[in-house]
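Here the structure comes first, spelled out in structure tokens, and everything after it is commentary.
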Amino acid sequence: MEQDQSRIYFVFGPEYNHQVLSNAQTFHSRFFAVRGPRDSAQRRLTSGLLSMNGEEHKRNRRMVMEAFLKKAIQGYLPTIRQFTDDLLDDWQPGEERDVSREMTEFMLRVTSTMLFGMDDPEFAYQIGRMIDQWVQLNHEMGMGVFVSDPGITARYDELLSFAQKLEADIAAMIQQRREAQDGGHNVLSMILQAHDEHGRLTDAQLVGQAALIFGAAHLTTAHSLTWTLFLLAQHPSAMQRAHAELKTQLDGGFPSVDQIDRLAYFEQVVKESMRVLPASAYSQRVASEPTQLGPFQLICGSGVIFSQFITHHLPELFPEPEAFLPGRWEHISPSPYAYLPFGAGPRMCLGGPLALMILKTVLPTILQRFKLTMVPGADVTGKVVSTMLSPTGPIWMRLDRQDGRFAAQPVTGNIESLVELRELPRAGRRAA
């Protein structure tokens with residue numbers, strides 16, 4: 001693809017994924033298109049890990065990493081459990097709920113608390129919502145900020161003004177965490193304590209890391225929760241097998257770490273969900289120097305797009321790629337560059353293990369207490385917004401007490417162009 005004499009290259013499959021993602025020196029990450037003036041809140045907010053490269057990225061990744069290691073993740077489990085219990089205590093059998101909205105709000109609270117702590121939860125949620133709005137503003141603006149249009153210019157000024165307010169609130173939260181006597185088990189406190197031979201991260205660096213960590217974690221995990229619940233609801237045979245495993249291995253409550261390890265089939269469900277409907281649908285890199293990529297000679301500044309969604313749907317890698325078949329994971333072991341829901345290589349998402357822990361604890365807890373069934377005729381449409389495969393509207397599901405009897409329901413929207421829904425009643429199938 002060529003636009004204004006700048007070329008963008010689309011690469012698909014494990015060979016090209018490996019070439020691009022394993023070479024962080026040549027292929028740089030540039031997550032945000034709108035960086036703002038040099039000494040601006042927008043510039044500082046967009047200066048997290050996803051926008052860093054080279055030695056700066058390596059150092060900041062080392063400083064942030066401890067908050068996402070196994071020991072730290074296990075320390076977040078009480079928070080995840082508390083919010084899961086709060087969510088389910090609010091649900092009642094017989095209700096119809098927009099599961100997409102429920103999971104988005106749930107992850108807003110979980111992510112805000114894990115990042116900023118429980119000392120001032122309402123302030124943490126306020127900052128989380130602001131980061132969410134800021135990320136959305138950035139997505140809406142994109143490269144349009146460089147087009148001479150009064151409407152876009154007005155949105156640009158709105159973005160810069162909003163960024164100032166957001167930075168001020170994050171800075172206030174950093175000060176709160178710095179003054180806390182016990183530190184607390186949250187990401188920001190752990191990053192504040194991290195140091196190396198060059199010292200600690202500056203407040204400006206902390207602002208950027210906090211904004212980017214929240215932005216990367218919140219909606220992607222919310223979408224993964226939503227898509228997995230949808231896929232199980234529309235595939236009764238998979239849900240039946242998962243239900244049997246949950247009854248055998250769990251006691252009706254929030255799973256322990258040991259119990260999670262015994263949920264072999266449920267792990268396959270999560271893997272297959274993130275394969276067929278990956279929350280991160282694509283990402284991009286920029287060539288920092290001239291380089292050869294397959295048959296193409298790239299000049300410095302060339303854009304490169306790689307796609308988890310396209311790679312996960314290549315039939316030579318995954319036969320019947322549009323089918324949701326968790327059992328396939330009993331006999332396949334794709335390379336890290338063939339199956340990459342969290343990316344791959346030296347820039348692989350630090351939060352991947354935490355996201356998996358949330359999926360493997362929250363989903364079993366929900367499905368032990370409630371049976372979720374799609375509301376017949378509900379519109380289910382997926383669209384790539386910025387880099388995420390997102391539901392474009394509500395995902396309406398009926399809640400019932402878990403009775404182990406499952407049935408798919410006919411739905412509308414474009415979802416059947418993304419995944420095969422083979423177990424719908426014949427009368428409910430749409431014409432091809």
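Within each chain, counting starts at residue 1; across the structure tokens, chains are named A, B, ... in the order shown, with ligands numbered 1 upward in that order.
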
_I want to know what sits within 12 Å of Glu102 (chain A), based on only C-alpha atoms, with residues of the same chain fewer than 6 positions away left out; could you give that as a PyMOL selection string?_
chain A and resi 83-84+86-88+90-91+96+108-109+219+222-223+225-226+229+394-397

Counting only C-alpha atoms, which residues in region 117-226 of chain A sit no more than 8 Å from region 26-48 of chain A? For each one, give the nearest pair of atoms and the distance in Å, sorted by chain then residue number, as CSV.
```
residue,atom,partner,partner_atom,distance
A:Asn138,CA,A:Val34,CA,6.8
A:Met141,CA,A:Val34,CA,7.5
A:Gly142,CA,A:Ala33,CA,5.5
A:Met143,CA,A:Ala33,CA,5.9
A:Val145,CA,A:Val34,CA,7.3
A:Leu159,CA,A:Gln42,CA,7.8
A:Leu160,CA,A:Gln42,CA,5.9
A:Ala163,CA,A:Gln42,CA,5.3
A:Gln164,CA,A:Ala41,CA,5.2
A:Glu167,CA,A:Ala41,CA,6.1
A:Ala204,CA,A:Arg44,CA,6.1
A:Gln205,CA,A:Gly48,CA,7.1
A:Val207,CA,A:Leu45,CA,6.0
A:Gly208,CA,A:Leu45,CA,4.3
A:Gln209,CA,A:Gly48,CA,4.4
A:Ala210,CA,A:Gly48,CA,7.7
A:Ala211,CA,A:Leu45,CA,6.2
A:Leu212,CA,A:Gly48,CA,5.5
A:Ile213,CA,A:Gly48,CA,7.8
```

*In Å, with one decimal, what is the gap from CA of Thr373 (chain A) to CA of Asp251 (chain A)?*
22.8 Å

*CA of Tyr337 (chain A) to CA of Phe12 (chain A), straight-line distance in Å*: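 Between these atoms lies a distance of 10.2 Å.
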
_Taking only region 94-310 of chain A into account, list the residues labelled helix (DSSP H, G or I) by DSSP (computed from the backbone), as a ChimeraX atom specification._
/A:99-116,121-146,150-179,187-193,203-233,236-249,257-261,264-276,308-310

*Given only C-alpha atoms as the counted atoms, nearest of A:Ser273, A:Pro278, A:Met52, A:Arg285 to Pro326 (chain A)*: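 Closest candidate: A:Ser273.
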
*For CA of Thr311 (chain A) and CA of Thr111 (chain A), quote the distance in Å rounded to one decimal.*
28.6 Å

*Excluding region 291-302 of chain A and any residue of its chain fewer than 2 positions from it, enumerate the residues within 8 Å of it, using only C-alpha atoms, and give them as a VMD selection string.*
chain A and resid 6 to 9 16 19 26 286 to 289 304

*When distances are computed from only C-alpha atoms, which of A:Leu77, A:Val385, A:Gly413, A:Pro319 shows the smallest separation from Glu140 (chain A)?*
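That would be A:Val385, the residue with the smallest distance to Glu140 (chain A).
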
*Within 9 Å of region 192-196 of chain A, counting only C-alpha atoms, which residues qualify if same-chain residues fewer than 2 places away don't, as a list of chain:residue names?*
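Neighbouring residues, sequence-local ones excluded: A:Arg59, A:Arg62, A:Met63, A:Val64, A:Glu66, A:Ile174, A:Arg177, A:Arg178, A:Gly183, A:Val187, A:Leu188, A:Ser189, A:Met190, A:His198, A:Gly199, A:Arg200, A:Leu201, A:Leu206.
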
_Non-local contacts of Gly377 (chain A) (7 Å; only C-alpha atoms; under 3 positions in same chain excluded) as a ChimeraX atom specification_ = /A:410-412

Please produce an output containing C-alpha atoms for each residue in the selection, written as a PDB file, in the first residue's frame.
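What follows is the written file result00.pdb:
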```pdb
ATOM      1  CA  PRO A 410     -29.790 -17.197  16.377  1.00  0.00           C
ATOM      2  CA  VAL A 411     -28.099 -13.797  16.265  1.00  0.00           C
ATOM      3  CA  THR A 412     -27.693 -11.060  13.669  1.00  0.00           C
TER       4      THR A 412
END
```

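When the distance limit is 8 Å and only C-alpha atoms are what count, the residues near Val257 (chain A), minus those fewer than 3 positions from it on the same chain, are Gln74, Ile260 and Asp261 of chain A.
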
_At a cut-off of 8 Å, using only C-alpha atoms, what residues contact Phe306 (chain A)? Leave out same-chain residues fewer than 2 positions from it and give the result as a PyMOL selection string._
chain A and resi 10-12+17+282-284+304+308

*So, counting only C-alpha atoms, which residue among A:Glu330, A:Asp98, A:Asp379, A:Glu267 is closest to Met357 (chain A)?*
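Ranked by minimum distance to Met357 (chain A), first place goes to A:Glu267.
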
*Identify which of the residues A:Glu316, A:Asp169, A:Asp119, A:Glu95 lies closest to Ile131 (chain A), counting only C-alpha atoms when measuring atom-to-atom distances.*
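Using only C-alpha atoms, Ile131 (chain A) sits closest to A:Asp169.
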
_Let me make sure I understand: among A:Val270, A:Ala378, A:Ile73, A:Ile366, which one has the smallest atom-to-atom distance to Leu231 (chain A) if we use only C-alpha atoms?_
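With only C-alpha atoms as the atom set, the closest residue is A:Val270.
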